[in-house]
Amino acid sequence: MRTFPGTASEYIQLAERAVDRFSLSQNIDDLFTAILVTAHSFDFFHRENKGRPAEEADKQAFGIENPDWKIIRQLCNGGTRARLTAVGDPNLCPSAERAIPDRTV
């Protein structure tokens, strides 16, 4: 893919390729990419089908109906926190610090 996905279908295809790549490589970087892209597929799908960005309430409701996605989202948020800490600067991205509350995932 040479351009960023423009539709939910293209983004979901990107997520599927990321999962396939991890399945073959078993590389932690590929796992992180697969989790990140899969977790954000909902945002693209929601925006395309509802005509507005997903709000936290939308994500909570979707997570209740789809517990596997909820776990992936928790891994995504926890993985982002772990990567910020791993580079040695938890204040590397202040907006991410505010978006990711301190909690065990």
# chains A, B, ... in the order shown; residues from 1 in each chain; ligands from 1

$ residues_around --residues "Lys70 (chain A)" --least-positions-apart "2" --cutoff "12 Å" --atoms "only C-alpha atoms" --output "list in words"
Ile35, Thr38, Ala39, His40, Phe42, Asp58, Lys59, Gln60, Ala61, Phe62, Gly63, Ile64, Glu65, Asn66, Pro67, Asp68, Ile72, Arg73, Gln74, Leu75, Cys76, Asn77 and Val105 of chain A

$ write_last_selection --atoms "N, CA and C atoms" --output "CSV table (one decimal), in the first residue's frame"
chain,number,residue,atom,x,y,z
A,35,ILE,N,-2.0,-5.1,16.3
A,35,ILE,CA,-2.9,-4.7,17.4
A,35,ILE,C,-3.4,-3.2,17.1
A,38,THR,N,-5.7,-3.0,14.0
A,38,THR,CA,-7.0,-3.7,14.3
A,38,THR,C,-7.9,-2.9,15.2
A,39,ALA,N,-7.3,-2.3,16.3
A,39,ALA,CA,-8.0,-1.5,17.2
A,39,ALA,C,-8.7,-0.3,16.6
A,40,HIS,N,-8.0,0.3,15.6
A,40,HIS,CA,-8.5,1.5,15.0
A,40,HIS,C,-9.4,1.3,13.8
A,42,PHE,N,-12.3,0.2,13.9
A,42,PHE,CA,-13.6,0.6,14.3
A,42,PHE,C,-13.8,2.1,14.0
A,58,ASP,N,-19.4,5.4,22.0
A,58,ASP,CA,-19.6,4.5,20.9
A,58,ASP,C,-18.6,3.3,21.0
A,59,LYS,N,-17.4,3.6,21.5
A,59,LYS,CA,-16.4,2.5,21.6
A,59,LYS,C,-16.8,1.6,22.8
A,60,GLN,N,-17.3,2.2,23.9
A,60,GLN,CA,-17.7,1.4,25.0
A,60,GLN,C,-18.9,0.4,24.6
A,61,ALA,N,-19.9,0.9,23.9
A,61,ALA,CA,-21.0,0.1,23.4
A,61,ALA,C,-20.5,-1.0,22.5
A,62,PHE,N,-19.6,-0.6,21.5
A,62,PHE,CA,-19.1,-1.6,20.6
A,62,PHE,C,-18.3,-2.7,21.3
A,63,GLY,N,-17.6,-2.3,22.4
A,63,GLY,CA,-16.8,-3.2,23.1
A,63,GLY,C,-17.6,-4.2,23.9
A,64,ILE,N,-18.8,-3.8,24.4
A,64,ILE,CA,-19.7,-4.7,25.1
A,64,ILE,C,-20.2,-5.7,24.1
A,65,GLU,N,-20.5,-5.3,22.9
A,65,GLU,CA,-21.1,-6.3,21.9
A,65,GLU,C,-20.0,-7.1,21.3
A,66,ASN,N,-18.7,-6.6,21.4
A,66,ASN,CA,-17.6,-7.3,20.8
A,66,ASN,C,-16.4,-7.4,21.7
A,67,PRO,N,-16.5,-8.3,22.7
A,67,PRO,CA,-15.5,-8.4,23.7
A,67,PRO,C,-14.1,-8.7,23.2
A,68,ASP,N,-13.9,-9.4,22.1
A,68,ASP,CA,-12.6,-9.6,21.5
A,68,ASP,C,-12.0,-8.2,21.1
A,72,ILE,N,-8.5,-6.2,22.3
A,72,ILE,CA,-7.6,-5.7,21.4
A,72,ILE,C,-7.3,-4.2,21.6
A,73,ARG,N,-8.4,-3.4,21.9
A,73,ARG,CA,-8.3,-2.0,22.2
A,73,ARG,C,-7.5,-1.8,23.5
A,74,GLN,N,-7.8,-2.6,24.5
A,74,GLN,CA,-7.0,-2.5,25.7
A,74,GLN,C,-5.5,-2.8,25.5
A,75,LEU,N,-5.2,-3.8,24.7
A,75,LEU,CA,-3.8,-4.1,24.4
A,75,LEU,C,-3.2,-2.9,23.6
A,76,CYS,N,-4.0,-2.3,22.7
A,76,CYS,CA,-3.4,-1.2,21.9
A,76,CYS,C,-3.1,0.0,22.9
A,77,ASN,N,-4.0,0.3,23.7
A,77,ASN,CA,-3.7,1.4,24.7
A,77,ASN,C,-2.6,1.1,25.6
A,105,VAL,N,-3.5,-3.2,32.1
A,105,VAL,CA,-4.3,-3.9,31.1
A,105,VAL,C,-4.0,-5.3,31.0

$ residues_around --residues "Val19 (chain A)" --least-positions-apart "3" --cutoff "6 Å" --atoms "only C-alpha atoms" --output "VMD selection string"
chain A and resid 16 22 34

$ write_last_selection --atoms "N, CA, C and O atoms" --output "short mmCIF file (atom, residue, chain, number, x, y, z; two decimals), in the first residue's frame"
data_model
loop_
_atom_site.label_atom_id
_atom_site.label_comp_id
_atom_site.auth_asym_id
_atom_site.auth_seq_id
_atom_site.Cartn_x
_atom_site.Cartn_y
_atom_site.Cartn_z
N GLU A 16 -5.92 -6.77 8.19
CA GLU A 16 -5.77 -8.19 7.87
C GLU A 16 -4.34 -8.51 7.41
O GLU A 16 -3.77 -9.53 7.81
N PHE A 22 2.24 -10.62 11.05
CA PHE A 22 2.67 -11.09 12.37
C PHE A 22 2.61 -12.61 12.45
O PHE A 22 3.50 -13.23 13.02
N ALA A 34 -0.15 -4.93 14.18
CA ALA A 34 -1.42 -5.63 13.99
C ALA A 34 -2.45 -5.19 15.04
O ALA A 34 -3.62 -4.96 14.71
#

$ residues_around --residues "Ile12 (chain A)" --least-positions-apart "2" --cutoff "9 Å" --atoms "only C-alpha atoms" --output "PyMOL selection string"
chain A and resi 5+7-10+14-17+37-38+41-42+44-45
